[in-house]
Amino acid sequence: MVVIGAGAAGLMCAIEAGKRGRSVLVLDHARAPGEKIRISGGGRCNFTNLHAAPRNFLSANPGFCISALRRYTQADFVARVERQGIAYHEKTLGQLFCDGSSRQIVEMLVDDLQAAGARLRLSTSVTAVAKNDAGFALTLSEGRVQAGALVVACGGKSIPKMGATGFGYELATQFGLRVTETRPALVPLTLEPTMLARLAPLAGVAVDAVVSHRKTRFAEAMLFTHRGLSGPAILQISSFWREGEEIGLDMLPGTDLFEALRSARAENGRQALHTALSAHLPKRLAQAIAEQDGARGNLADLSDKALRRVADAVKAWRFKPSGSEGYRTAEVTLGGVDTRDLDSRTMEAVAVPGLYFVGEVVDVTGWLGGYNFQWAWSSGWTAGQVV
Ligand SMILES: Cc1cc2nc3c(=O)[nH]c(=O)nc-3n(C[C@H](O)[C@H](O)[C@H](O)COP(=O)(O)OP(=O)(O)OC[C@H]3O[C@@H](n4cnc5c(N)ncnc54)[C@H](O)[C@@H]3O)c2cc1C
């Protein structure tokens with residue numbers, strides 16, 4: 001059997017199939033395996049999440065991921081990491097990171113791959129696949145190879161600079177599988193030029209925020225950038241947002257700012273608004289809010305109505321992003337191979353025996369926080385039991 005893609009999902013699948021005695025060849029056009037693992041989590045790889053559950057994944061069919069996530073859980077992967085002696089810690093919200101380097105995860109997988117007897121061929125592109133009586137004939141950048149079974153673990157389109165191509169979606173379409181709409185996700189959002197100019201002085205300012213889109217809310221850090229907004233809270237909501245829609249921001253969760261400003265006015269009316277705001281917000285943000293229309297001057301000059309407007313600008317800011325930074329910086333691709341055409345217990349294409357899709361190429365997309373790797377491990381493991 002052949003696995004296209006030596007990323008998290010492809011390596012996991014190859015290891016499991018190799019352990020079962022299958023003859024396995026993994027092909028990847030990159031020069032090294034697990035490149036996205038290596039760069040992930042700021043070089044420390046947020047390799048799973050203690051709380052991973054189906055609710056943390058987006059898909060046109062939210063139930064599809066249940067089977068794989070149950071069969072190979074975060075606890076299974078953590079146990080594997082512990083057996084290897086890799087030190088790790090919980091950073092926040094159940095997110096597990098290596099203490100040392102993400103390379104340790106790549107090394108662990110490559111060691112396992114070798115121990116399982118699977119072969120790895122790098123710097124090799126798969127350019128075409130054709131079905132024949134013996135399975136699948138693969139055309140490579142150099143030569144050809146025949147596979148009895150084929151696992152497509154090509155990942156998504158994010159970070160084209162690293163070799164992401166969308167080849168997996170092309171293969172799915174070629175073999176008659178449906179592909180849902182794909183779009184960049186876990187991605188910084190951009191702002192239209194006028195708003196961007198107004199917020200430009202805030203680039204680099206970070207706050208803890210609650211960001212919301214319809215009924216979805218995330219309480220995490222957000223960051224003003226030269227292009228718009230970023231930080232975990234924004235990346236999370238980007239997976240839910242669509243062009244033309246509004247996003248809500250509370251940049252001071254847990255504080256009734258209107259009441260706090262009224263108290264400050266009662267105590268010291270000669271205090272400047274931006275000084276009063278600085279007690280709650282980073283200085284530059286306090287300054288920018290205070291400079292907004294109608295909110296200049298000392299607290300004593302400001303009516304309740306004006307204070308309410310200021311509080312709303314901080315706690316109930318609603319805005320329409322102009323777009324996202326796109327695949328160039330997106331951590332993942334939302335959407336992918338339509339799960340209606342895959343068997344959730346095996347990851348095999350329902351109508352094409354011997355053809356499997358695992359990992360990010362499938363229409364299952366995790367939140368930020370280690371969920372995407374857990375999906376890669378779980379789906380790769382699941383296919384590896386049967387392929
Ligand atoms: C900057 C960044 C940071 C991230 N951090 C985290 C994190 O901390 N935690 C988390 O859970 N997720 C994180 N992610 C998401 C995570 O990396 C992916 O969801 C995960 O790597 C998907 O695994 P995969 O095996 O499906 O695909 P990939 O890891 O993308 O692997 C696909 C492989 O297929 C190869 N390939 C593609 N086409 C071909 C072809 N035609 N021929 C040969 N080879 C081909 C590619 O070279 C690649 O090696 C991050 C992503 C990015 C971009």
# chains A, B, ... in the order shown; residues from 1 in each chain; ligands from 1
>>> residues_around(residues="stretch 317-325 of chain A", least_positions_apart="4", cutoff="9 Å", atoms="only C-alpha atoms", output="list in words")
Pro184, Ala185, Val187, Pro188, Leu189, Thr190, Leu191, Glu192, Pro193, Arg227, Gly228, Leu229, Ser238, Arg242, Glu243, Gly244, Glu245, Glu246, Ile247, Gly248, Leu249, Asp250, Met251, Asp312, Ala313, Thr329 and Ala330 of chain A
>>> residues_near_ligand(ligand="ligand 1", cutoff="6 Å", atoms="only C-alpha atoms and all ligand atoms", output="PyMOL selection string")
chain A and resi 4-10+27-30+34+36-37+39-41+45-48+124-127+153-156+159+163-165+167+331-332+359-361+369-373+376
>>> write_last_selection(atoms="C-alpha atoms", output="mmCIF file, in the first residue's frame")
data_model
loop_
_atom_site.group_PDB
_atom_site.id
_atom_site.type_symbol
_atom_site.label_atom_id
_atom_site.label_comp_id
_atom_site.auth_asym_id
_atom_site.auth_seq_id
_atom_site.Cartn_x
_atom_site.Cartn_y
_atom_site.Cartn_z
ATOM 1 C CA ILE A 4 0.637 10.070 -0.095
ATOM 2 C CA GLY A 5 1.860 12.547 2.516
ATOM 3 C CA ALA A 6 4.331 12.118 5.382
ATOM 4 C CA GLY A 7 2.455 14.506 7.667
ATOM 5 C CA ALA A 8 0.796 13.689 10.969
ATOM 6 C CA ALA A 9 -2.054 11.643 9.489
ATOM 7 C CA GLY A 10 -0.024 9.821 6.845
ATOM 8 C CA LEU A 27 5.671 9.332 -0.460
ATOM 9 C CA ASP A 28 6.137 13.037 0.119
ATOM 10 C CA HIS A 29 7.363 15.852 -2.081
ATOM 11 C CA ALA A 30 8.882 17.653 0.905
ATOM 12 C CA GLY A 34 6.325 16.071 9.327
ATOM 13 C CA LYS A 36 3.965 21.052 9.667
ATOM 14 C CA ILE A 37 4.518 19.244 12.937
ATOM 15 C CA ILE A 39 6.718 24.387 12.661
ATOM 16 C CA SER A 40 3.567 23.926 14.727
ATOM 17 C CA GLY A 41 2.849 25.515 18.075
ATOM 18 C CA CYS A 45 3.825 21.427 18.704
ATOM 19 C CA ASN A 46 0.486 21.624 20.441
ATOM 20 C CA PHE A 47 0.123 17.900 19.770
ATOM 21 C CA THR A 48 -3.316 17.316 21.287
ATOM 22 C CA THR A 124 8.939 12.710 -4.554
ATOM 23 C CA SER A 125 5.752 14.236 -5.935
ATOM 24 C CA VAL A 126 2.763 12.177 -6.849
ATOM 25 C CA THR A 127 1.529 13.840 -10.021
ATOM 26 C CA ALA A 153 -2.987 12.134 3.461
ATOM 27 C CA CYS A 154 -2.041 15.225 1.435
ATOM 28 C CA GLY A 155 -3.308 17.778 3.938
ATOM 29 C CA GLY A 156 -5.006 21.010 2.902
ATOM 30 C CA ILE A 159 0.861 27.554 3.678
ATOM 31 C CA GLY A 163 4.258 22.632 -0.486
ATOM 32 C CA ALA A 164 0.520 22.528 0.260
ATOM 33 C CA THR A 165 -1.284 22.038 -3.032
ATOM 34 C CA PHE A 167 -3.821 17.659 -4.634
ATOM 35 C CA GLU A 331 -3.293 27.157 9.975
ATOM 36 C CA VAL A 332 -5.823 24.888 8.314
ATOM 37 C CA GLY A 359 -6.267 14.026 8.170
ATOM 38 C CA GLU A 360 -6.874 17.580 7.102
ATOM 39 C CA VAL A 361 -7.900 16.699 3.536
ATOM 40 C CA GLY A 369 -5.629 24.169 20.404
ATOM 41 C CA GLY A 370 -4.242 20.784 19.347
ATOM 42 C CA TYR A 371 -7.489 19.479 17.893
ATOM 43 C CA ASN A 372 -6.254 19.307 14.312
ATOM 44 C CA PHE A 373 -3.366 17.057 15.218
ATOM 45 C CA ALA A 376 -4.784 13.572 12.147
#
>>> closest_residue(among="A:Gln236, A:Ser230, A:Thr255, A:Ser102", to="A:His213", atoms="only C-alpha atoms")
A:Gln236
>>> closest_residue(among="A:Arg270, A:Leu113, A:Ala286, A:Tyr356", to="A:Asn298", atoms="only C-alpha atoms")
A:Arg270
>>> closest_residue(among="A:Leu120, A:Ala316, A:Leu150, A:Met108", to="A:Val210", atoms="only C-alpha atoms")
A:Ala316
>>> select_by_dssp(residues="stretch 36-247 of chain A", states="alpha helix (DSSP H)", output="ChimeraX atom specification")
/A:36-39,66-71,74-83,103-115,167-174,193-199,232-238
>>> residues_around(residues="A:Thr365", least_positions_apart="5", cutoff="6 Å", atoms="only C-alpha atoms", output="NGL selection string")
:A and (57-58 or 334)
>>> residues_around(residues="A:Gln104", least_positions_apart="2", cutoff="12 Å", atoms="only C-alpha atoms", output="MDAnalysis selection string")
chainID A and resid 34 37:39 43:45 47 81:82 84:88 97:102 106:111
>>> closest_residue(among="A:Ala53, A:Asn132, A:Met1, A:Ala349", to="A:Ala147", atoms="only C-alpha atoms")
A:Met1
